[in-house]
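Next comes entry15.cif, a file with mmCIF, C-alpha atoms.
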```
data_run
loop_
_atom_site.label_atom_id
_atom_site.label_comp_id
_atom_site.auth_asym_id
_atom_site.auth_seq_id
_atom_site.Cartn_x
_atom_site.Cartn_y
_atom_site.Cartn_z
CA MET A 1062 116.39 105.99 99.11
CA ALA A 1063 119.43 108.20 99.26
CA CYS A 1064 121.17 109.01 95.99
CA LEU A 1065 124.75 107.95 95.47
CA ILE A 1066 126.55 110.80 93.79
CA ARG A 1067 130.11 110.40 92.57
CA ALA A 1068 132.67 112.87 93.88
CA VAL A 1069 133.49 115.62 91.43
CA GLN A 1070 137.12 115.37 90.34
CA HIS A 1071 139.25 117.60 88.21
CA PRO A 1072 140.20 116.03 84.86
CA LYS A 1073 143.80 115.01 84.38
CA SER A 1074 145.59 116.62 81.47
CA LEU A 1075 148.91 117.87 80.16
CA LEU A 1076 147.98 121.50 80.74
CA VAL A 1077 150.10 122.10 83.83
CA ALA A 1078 153.24 120.88 82.09
CA LEU A 1079 152.49 123.05 79.06
CA ALA A 1080 152.09 126.22 81.11
CA MET A 1081 154.88 125.99 83.68
CA SER A 1082 156.42 129.19 82.33
CA TRP A 1083 153.61 131.35 83.67
CA ILE A 1084 151.91 129.40 86.46
CA PHE A 1085 153.97 129.94 89.60
CA MET A 1086 153.98 126.63 91.42
CA PRO A 1087 154.52 126.39 95.22
CA SER A 1088 158.12 126.97 96.21
CA ALA A 1089 157.98 128.15 99.81
CA ALA A 1090 155.42 128.42 102.56
CA GLN A 1091 154.31 131.78 103.83
CA ALA A 1092 155.46 131.88 107.41
CA GLY A 1093 152.22 133.17 108.87
CA GLY A 1094 152.85 136.90 108.38
CA PRO A 1095 152.31 139.44 105.61
CA LEU A 1096 154.68 139.61 102.66
CA THR A 1097 155.34 142.98 101.03
CA ILE A 1098 156.75 143.93 97.63
CA THR A 1099 157.36 147.53 96.54
CA LYS A 1100 158.36 148.44 93.00
CA ALA A 1101 158.31 151.36 90.58
CA LEU A 1102 154.90 151.45 88.92
CA SER A 1103 154.90 151.37 85.13
CA PRO A 1104 152.05 152.98 83.18
CA THR A 1105 152.73 150.80 80.12
CA ALA A 1106 154.38 147.50 81.12
CA LEU A 1107 152.83 144.66 83.10
CA ASN A 1108 153.62 145.14 86.82
CA VAL A 1109 154.28 141.71 88.35
CA PHE A 1110 154.46 141.23 92.12
CA ASN A 1111 155.89 137.73 92.44
CA PHE A 1112 155.40 136.19 95.88
CA GLY A 1113 156.85 132.84 94.79
CA PRO A 1114 153.92 130.41 95.07
CA TYR A 1115 151.52 133.06 93.75
CA THR A 1116 151.49 136.44 92.01
CA PHE A 1117 149.56 139.69 91.82
CA LYS A 1118 149.70 141.64 88.56
CA VAL A 1119 148.64 145.12 87.47
CA GLN A 1120 148.31 146.46 83.92
CA TYR A 1121 147.26 150.05 83.23
CA PRO A 1122 145.33 150.74 80.01
CA GLN A 1123 146.95 151.95 76.83
CA GLY A 1124 147.62 155.68 76.92
CA SER A 1125 148.26 155.90 80.67
CA SER A 1126 150.99 158.35 81.65
CA PHE A 1127 152.60 158.93 85.05
CA SER A 1128 156.02 158.60 86.65
CA GLY A 1129 157.77 158.67 90.00
CA ILE A 1130 155.25 156.41 91.73
CA ASN A 1131 155.93 153.26 93.72
CA MET A 1132 153.27 150.62 94.26
CA THR A 1133 153.31 148.41 97.34
CA VAL A 1134 151.39 145.13 97.41
CA THR A 1135 151.09 143.41 100.78
CA ALA A 1136 149.94 139.79 100.71
CA VAL A 1137 148.16 139.35 104.04
CA PRO A 1138 147.30 135.80 105.22
CA LEU A 1139 143.57 135.58 105.81
CA SER A 1140 141.66 132.78 107.53
CA GLN A 1141 138.20 131.73 106.40
CA SER A 1142 136.69 132.66 109.77
CA THR A 1143 138.18 136.15 109.70
CA PHE A 1144 136.99 136.71 106.15
CA ASN A 1145 133.50 135.40 106.90
CA LYS A 1146 133.17 137.92 109.73
CA ARG A 1147 134.12 140.73 107.36
CA LEU A 1148 131.46 139.61 104.87
CA ALA A 1149 128.64 139.53 107.41
CA GLY A 1150 125.96 142.00 106.36
CA THR A 1151 127.38 142.45 102.84
CA ARG A 1152 126.08 141.19 99.48
CA PHE A 1153 128.39 138.17 99.74
CA PRO A 1154 127.72 136.52 103.13
CA LYS A 1155 128.24 132.97 101.81
CA ALA A 1156 131.47 133.59 99.89
CA VAL A 1157 134.58 131.68 100.90
CA CYS A 1158 138.05 132.92 100.08
CA ALA A 1159 140.41 130.83 97.95
CA VAL A 1160 142.99 128.98 100.05
CA TYR A 1161 146.40 129.36 98.42
CA VAL A 1162 148.97 126.59 98.40
CA GLY A 1163 152.12 128.21 99.82
CA ALA A 1164 150.21 130.54 102.17
CA ASP A 1165 150.38 128.32 105.26
CA GLY A 1166 146.80 127.12 104.85
CA ASN A 1167 145.37 130.62 104.47
CA CYS A 1168 143.71 132.72 101.84
CA VAL A 1169 145.53 135.85 100.66
CA ASP A 1170 144.26 139.42 100.92
CA PHE A 1171 146.19 141.67 98.52
CA GLN A 1172 146.34 145.19 99.95
CA VAL A 1173 147.56 147.80 97.46
CA THR A 1174 148.94 151.26 98.22
CA CYS A 1175 151.14 153.79 96.40
CA SER A 1176 153.77 156.30 97.41
CA ASP A 1177 155.78 159.13 95.90
CA ALA A 1178 159.12 157.67 94.81
CA SER A 1179 161.14 160.70 95.95
CA SER A 1180 159.46 161.60 99.26
CA GLN A 1181 158.24 158.07 100.14
CA LYS A 1182 154.98 159.64 101.30
CA GLN A 1183 151.80 157.66 100.67
CA ILE A 1184 149.65 158.98 97.83
CA GLN A 1185 146.62 157.79 95.94
CA CYS A 1186 147.42 155.26 93.26
CA PRO A 1187 146.76 156.45 89.70
CA THR A 1188 143.12 155.90 88.74
CA VAL A 1189 141.29 155.75 85.42
CA SER A 1190 137.81 156.83 84.42
CA SER A 1191 135.17 154.62 82.83
CA PRO A 1192 134.99 153.14 80.27
CA SER A 1193 138.71 152.57 80.75
CA TYR A 1194 139.85 150.16 83.46
CA ILE A 1195 142.96 148.71 85.07
CA ASP A 1196 143.54 144.97 84.75
CA VAL A 1197 144.38 143.15 87.98
CA TRP A 1198 144.85 139.44 88.45
CA THR A 1199 146.34 136.78 90.67
CA SER A 1200 147.70 133.39 89.64
CA PHE A 1201 147.89 130.72 92.32
CA ASN A 1202 147.60 127.03 93.11
CA THR A 1203 144.85 125.52 95.24
CA THR A 1204 143.34 122.15 96.06
CA GLN A 1205 140.02 123.84 96.83
CA SER A 1206 137.01 123.24 94.57
CA LEU A 1207 135.99 126.67 93.27
CA ILE A 1208 132.26 127.03 92.68
CA ASN A 1209 131.18 130.34 91.16
CA PRO A 1210 134.52 132.20 91.32
CA GLY A 1211 134.65 135.90 92.09
CA PHE A 1212 137.21 138.63 92.77
CA LEU A 1213 136.06 140.77 95.69
CA SER A 1214 137.50 144.19 96.35
CA ALA A 1215 136.87 146.84 99.01
CA PRO A 1216 138.47 150.18 99.94
CA LEU A 1217 141.15 149.60 102.56
CA GLY A 1218 139.74 149.55 106.06
CA THR A 1219 136.14 148.98 104.93
CA ASN A 1220 133.80 146.09 104.19
CA SER A 1221 132.20 147.71 101.14
CA TRP A 1222 132.85 144.67 98.96
CA GLY A 1223 132.14 144.48 95.24
CA ASP A 1224 132.80 141.70 92.74
CA HIS A 1225 135.27 142.74 90.04
CA LEU A 1226 135.74 139.40 88.27
CA SER A 1227 136.05 139.72 84.51
CA VAL A 1228 137.69 136.42 83.50
CA PHE A 1229 138.50 133.19 85.30
CA PHE A 1230 140.64 130.44 83.83
CA MET A 1231 142.49 127.42 85.15
CA LEU A 1232 144.89 124.71 84.11
CA LYS A 1233 143.81 121.54 85.90
CA ILE A 1234 143.49 123.01 89.43
CA ASP A 1235 145.75 126.03 88.97
CA PRO A 1236 143.51 129.08 88.54
CA THR A 1237 143.96 132.70 87.61
CA THR A 1238 141.40 135.24 88.79
CA HIS A 1239 141.28 138.32 86.58
CA GLY A 1240 139.39 141.52 87.29
CA HIS A 1241 138.85 145.13 86.25
CA THR A 1242 139.14 148.13 88.56
CA ASN A 1243 139.27 151.91 88.35
CA GLY A 1244 141.44 152.29 91.47
CA PHE A 1245 143.20 150.37 94.21
CA SER A 1246 142.28 148.94 97.57
CA GLU A 1247 142.31 145.28 98.67
CA PHE A 1248 141.51 142.24 96.56
CA VAL A 1249 140.50 138.70 97.57
CA PRO A 1250 139.72 135.86 95.12
CA VAL A 1251 136.72 133.88 96.30
CA ALA A 1252 134.21 131.15 95.55
CA LEU A 1253 130.75 132.68 95.78
CA GLY A 1254 129.15 129.24 96.01
CA VAL A 1255 125.91 127.82 94.63
CA THR A 1256 123.33 130.54 93.95
CA ASN A 1257 120.78 128.85 91.65
CA GLN A 1258 117.49 127.50 93.02
CA GLU A 1259 118.00 123.90 91.81
CA GLY A 1260 121.30 123.60 93.64
CA LEU A 1261 124.64 121.95 93.01
CA GLY A 1262 125.12 119.88 89.86
CA GLU A 1263 127.69 117.22 89.00
CA PHE A 1264 129.46 118.30 85.82
CA THR A 1265 130.18 115.96 82.88
CA TRP A 1266 131.68 116.94 79.53
CA ASN A 1267 129.96 115.92 76.30
CA GLU A 1268 131.53 115.05 72.96
CA PRO A 1269 133.79 116.22 71.40
CA LEU A 1270 135.54 117.41 74.61
CA LEU A 1271 135.27 114.21 76.65
CA PRO A 1272 138.52 113.16 78.36
CA THR A 1273 138.63 110.19 75.95
CA ASP A 1274 138.14 112.35 72.83
CA PRO A 1275 141.17 113.42 70.75
CA ARG A 1276 140.05 117.08 71.05
CA ALA A 1277 141.86 118.01 67.84
CA PHE A 1278 140.10 120.21 65.29
CA ALA A 1279 140.84 121.95 62.04
CA ALA A 1280 141.87 125.56 62.45
CA GLY A 1281 138.94 127.86 61.81
CA SER A 1282 136.27 125.31 62.67
CA THR A 1283 133.41 125.88 65.09
CA ILE A 1284 133.68 123.64 68.17
CA PRO A 1285 130.50 122.48 69.94
CA VAL A 1286 131.15 122.93 73.67
CA SER A 1287 128.60 121.06 75.75
CA PHE A 1288 128.13 119.64 79.24
CA ASN A 1289 125.50 118.15 81.53
CA LEU A 1290 124.69 118.91 85.17
CA ALA A 1291 123.19 116.13 87.30
CA SER A 1292 121.49 117.38 90.46
CA VAL A 1293 123.09 116.39 93.77
CA GLN A 1294 119.87 117.25 95.63
CA ASN A 1295 117.41 115.52 93.32
CA CYS A 1296 118.95 112.14 92.54
CA GLY A 1297 120.71 113.01 89.30
CA GLN A 1298 117.87 114.92 87.66
CA PRO A 1299 119.13 117.61 85.25
CA VAL A 1300 119.96 121.01 86.71
CA THR A 1301 118.33 123.42 84.28
CA ASP A 1302 118.77 126.88 85.83
CA ALA A 1303 122.57 127.26 86.05
CA THR A 1304 124.56 130.09 84.51
CA ALA A 1305 127.87 129.15 82.90
CA SER A 1306 130.75 131.20 81.51
CA LEU A 1307 133.57 130.25 79.16
CA SER A 1308 137.19 131.34 78.80
CA VAL A 1309 139.73 130.05 76.28
CA LEU A 1310 143.45 130.59 76.68
CA GLN A 1311 146.11 129.79 74.07
CA ILE A 1312 149.03 128.08 75.79
CA VAL A 1313 151.08 126.81 72.81
CA ASN A 1314 151.28 128.60 69.45
CA ALA A 1315 151.75 127.22 65.93
CA GLN A 1316 155.55 127.28 66.36
CA GLY A 1317 155.36 125.14 69.50
CA ASN A 1318 156.24 128.02 71.82
CA GLU A 1319 154.50 128.43 75.16
CA VAL A 1320 152.30 131.52 75.27
CA HIS A 1321 149.63 133.05 77.51
CA LEU A 1322 146.94 134.66 75.41
CA ILE A 1323 143.25 135.02 76.25
CA VAL A 1324 141.45 134.47 72.94
CA PHE A 1325 137.87 134.19 74.21
CA ALA A 1326 136.12 135.21 77.43
CA GLN A 1327 132.38 135.62 77.81
CA LYS A 1328 130.10 135.36 80.82
CA ASN A 1329 126.81 133.42 80.85
CA VAL A 1330 127.35 132.23 77.29
CA PHE A 1331 125.81 128.74 77.60
CA LYS A 1332 122.16 127.97 76.85
CA PHE A 1333 120.26 124.98 78.24
CA VAL A 1334 118.95 123.06 75.22
CA ASN A 1335 117.64 119.48 75.03
CA GLY A 1336 118.99 118.50 78.44
CA SER A 1337 122.49 120.01 78.16
CA TYR A 1338 124.30 123.33 78.26
CA GLN A 1339 125.57 124.25 74.81
CA PHE A 1340 127.67 126.84 73.04
CA ALA A 1341 129.21 126.88 69.55
CA LEU A 1342 132.76 128.22 69.94
CA PRO A 1343 134.05 129.99 66.80
CA THR A 1344 137.81 129.61 66.29
CA GLN A 1345 138.27 131.49 63.01
CA THR A 1346 140.56 134.05 64.68
CA PHE A 1347 142.44 131.65 66.97
CA GLY A 1348 145.17 130.18 64.75
CA LYS A 1349 146.88 126.83 65.16
CA GLY A 1350 148.05 125.72 68.60
CA THR A 1351 146.91 124.32 71.93
CA TYR A 1352 144.17 125.94 74.01
CA ALA A 1353 143.01 125.65 77.60
CA VAL A 1354 139.24 125.76 78.12
CA THR A 1355 137.63 126.77 81.43
CA ILE A 1356 133.93 126.57 82.22
CA TYR A 1357 132.74 128.14 85.46
CA GLY A 1358 129.36 129.07 86.87
CA ASN A 1359 126.98 129.28 89.78
CA ALA A 1360 126.00 125.61 90.21
CA PHE A 1361 129.10 123.44 89.71
CA VAL A 1362 132.79 123.08 90.40
CA SER A 1363 134.88 124.98 87.82
CA GLN A 1364 136.22 122.70 85.09
CA ALA A 1365 139.15 122.71 82.68
CA THR A 1366 140.17 120.79 79.58
CA TYR A 1367 142.13 121.50 76.38
CA PHE A 1368 142.02 121.15 72.61
CA THR A 1369 144.35 121.67 69.65
CA LEU A 1370 143.79 123.41 66.35
CA GLN A 1371 145.69 121.81 63.49
#
```
Show the structure stored in the file as structure tokens.
Amino acid sequence: MACLIRAVQHPKSLLVALAMSWIFMPSAAQAGGPLTITKALSPTALNVFNFGPYTFKVQYPQGSSFSGINMTVTAVPLSQSTFNKRLAGTRFPKAVCAVYVGADGNCVDFQVTCSDASSQKQIQCPTVSSPSYIDVWTSFNTTQSLINPGFLSAPLGTNSWGDHLSVFFMLKIDPTTHGHTNGFSEFVPVALGVTNQEGLGEFTWNEPLLPTDPRAFAAGSTIPVSFNLASVQNCGQPVTDATASLSVLQIVNAQGNEVHLIVFAQKNVFKFVNGSYQFALPTQTFGKGTYAVTIYGNAFVSQATYFTLQ
């Protein structure tokens, strides 16, 4: 007898309202063609390329020094079929790109180049050597369910894709894909899809982070973060072989001000114990405020909730 599996839905919460200052909500549709922004590149400040409904950001590491360089970011609309053809024969043949609200039903391929500010001639963008890295990220809105998020990058004009995802977080269904790079090329946020052997699982939170729980804790306490995965393929049997990562973002501080501060980010942190995926989240260094929690992995739709420290 066929199993009846409930549709996975994103939990409702107040997170979007709390973070309106830094999530760029849809304001205008991309009219089918590329959008380009050129600006003087700062070695110290956050470089924000604001395309209205979505953004691309670049932050060089502390100690970087250069001047007289412009960076150009071109947001190129990209269809799923076009992207799938580019991925054929690569390590990511099943990846699907993230469809951006405000991009006319397309994904967005961010193509990054640099030029000399005085001559306008194209030059190589400043690079860094390991273990240093450049932070890059894109904030956007989507109605797409993102399973196993990634941040693919390839040198311009090639299909030599690599996954540069370092942190993924979301407020309700409004995600930010964050990555590390040593140089610039093109960047596409993606969902890599289900990669575990047991297949897709339906996600449910456990106490004390259920939607009906108060989710308020004393500052400095350790919060048990736990969830279950019920197999879609095997009639609700537990999925036991998933990997799951956790990110925690402070969105309101002790003074009630809206902030945007990553306080915890660790990949594959959950362990499967006694039928559920568990992790004890230490908050001793967090301080009072409101926090967004994102759990993402290779066998379920990415999930978000929030808690407060009092």
Inset, instruction - Step by step, work through what the PyMOL selection byres ((chain A and resi 1293) around 8) selects in the shown file, and finish by giving those residues as a list in words. - result: Cys1064, Ile1066, Gly1260, Leu1261, Gly1262, Glu1263, Ala1291, Ser1292, Gln1294, Asn1295, Cys1296 and Gly1297 of chain A
Based on the selection just made, write C-alpha atoms of those residues as a compact mmCIF listing (two decimals), in the coordinates of the input.
```txt
# COMPACT_ATOMS: atom_id res chain seq x y z
CA CYS A 1064 121.17 109.01 95.99
CA ILE A 1066 126.55 110.80 93.79
CA GLY A 1260 121.30 123.60 93.64
CA LEU A 1261 124.64 121.95 93.01
CA GLY A 1262 125.12 119.88 89.86
CA GLU A 1263 127.69 117.22 89.00
CA ALA A 1291 123.19 116.13 87.30
CA SER A 1292 121.49 117.38 90.46
CA GLN A 1294 119.87 117.25 95.63
CA ASN A 1295 117.41 115.52 93.32
CA CYS A 1296 118.95 112.14 92.54
CA GLY A 1297 120.71 113.01 89.30
```
Inset, instruction - Go through A:Ala1252, A:Ile1195, A:Met1132, A:Ile1312 and flag the residue nearest Thr1174 of chain A, using all atoms listed in the file for the distances. - result: A:Met1132
Care to translate the PyMOL selection byres ((chain A and resi 1147) around 12) into actual residues of this file, as an mmCIF file with C-alpha atoms, keeping the file's coordinate frame?
```
data_model
loop_
_atom_site.group_PDB
_atom_site.id
_atom_site.type_symbol
_atom_site.label_atom_id
_atom_site.label_comp_id
_atom_site.auth_asym_id
_atom_site.auth_seq_id
_atom_site.Cartn_x
_atom_site.Cartn_y
_atom_site.Cartn_z
ATOM 1 C CA LEU A 1139 143.570 135.580 105.810
ATOM 2 C CA SER A 1140 141.660 132.780 107.530
ATOM 3 C CA GLN A 1141 138.200 131.730 106.400
ATOM 4 C CA SER A 1142 136.690 132.660 109.770
ATOM 5 C CA THR A 1143 138.180 136.150 109.700
ATOM 6 C CA PHE A 1144 136.990 136.710 106.150
ATOM 7 C CA ASN A 1145 133.500 135.400 106.900
ATOM 8 C CA LYS A 1146 133.170 137.920 109.730
ATOM 9 C CA LEU A 1148 131.460 139.610 104.870
ATOM 10 C CA ALA A 1149 128.640 139.530 107.410
ATOM 11 C CA GLY A 1150 125.960 142.000 106.360
ATOM 12 C CA THR A 1151 127.380 142.450 102.840
ATOM 13 C CA ARG A 1152 126.080 141.190 99.480
ATOM 14 C CA PHE A 1153 128.390 138.170 99.740
ATOM 15 C CA PRO A 1154 127.720 136.520 103.130
ATOM 16 C CA LYS A 1155 128.240 132.970 101.810
ATOM 17 C CA ALA A 1156 131.470 133.590 99.890
ATOM 18 C CA VAL A 1157 134.580 131.680 100.900
ATOM 19 C CA CYS A 1158 138.050 132.920 100.080
ATOM 20 C CA LEU A 1213 136.060 140.770 95.690
ATOM 21 C CA ALA A 1215 136.870 146.840 99.010
ATOM 22 C CA GLY A 1218 139.740 149.550 106.060
ATOM 23 C CA THR A 1219 136.140 148.980 104.930
ATOM 24 C CA ASN A 1220 133.800 146.090 104.190
ATOM 25 C CA SER A 1221 132.200 147.710 101.140
ATOM 26 C CA TRP A 1222 132.850 144.670 98.960
ATOM 27 C CA VAL A 1249 140.500 138.700 97.570
#
```
Legend entry - Radius query 12 Å about (141.5, 152.3, 86.8), atoms used: only C-alpha atoms, as number ranges by chain: A: 1104, 1119-1123, 1125, 1185-1197, 1225, 1240-1246
Inset, instruction - Kindly resolve the PyMOL selection byres ((chain A and resi 1351) around 8) on the present coordinates and return the residues as an NGL selection string. - result: :A and (1311-1314 or 1349-1350 or 1352-1353 or 1367-1370)
Could you give me the centre and size, in Å to one decimal, of an axis-aligned box around all listed atoms of segment 1193-1207 of chain A with 8 Å added on every side, as lines of an AutoDock Vina configuration file?
```
center_x = 141.9
center_y = 137.4
center_z = 88.8
size_x = 27.9
size_y = 46.4
size_z = 32.1
```
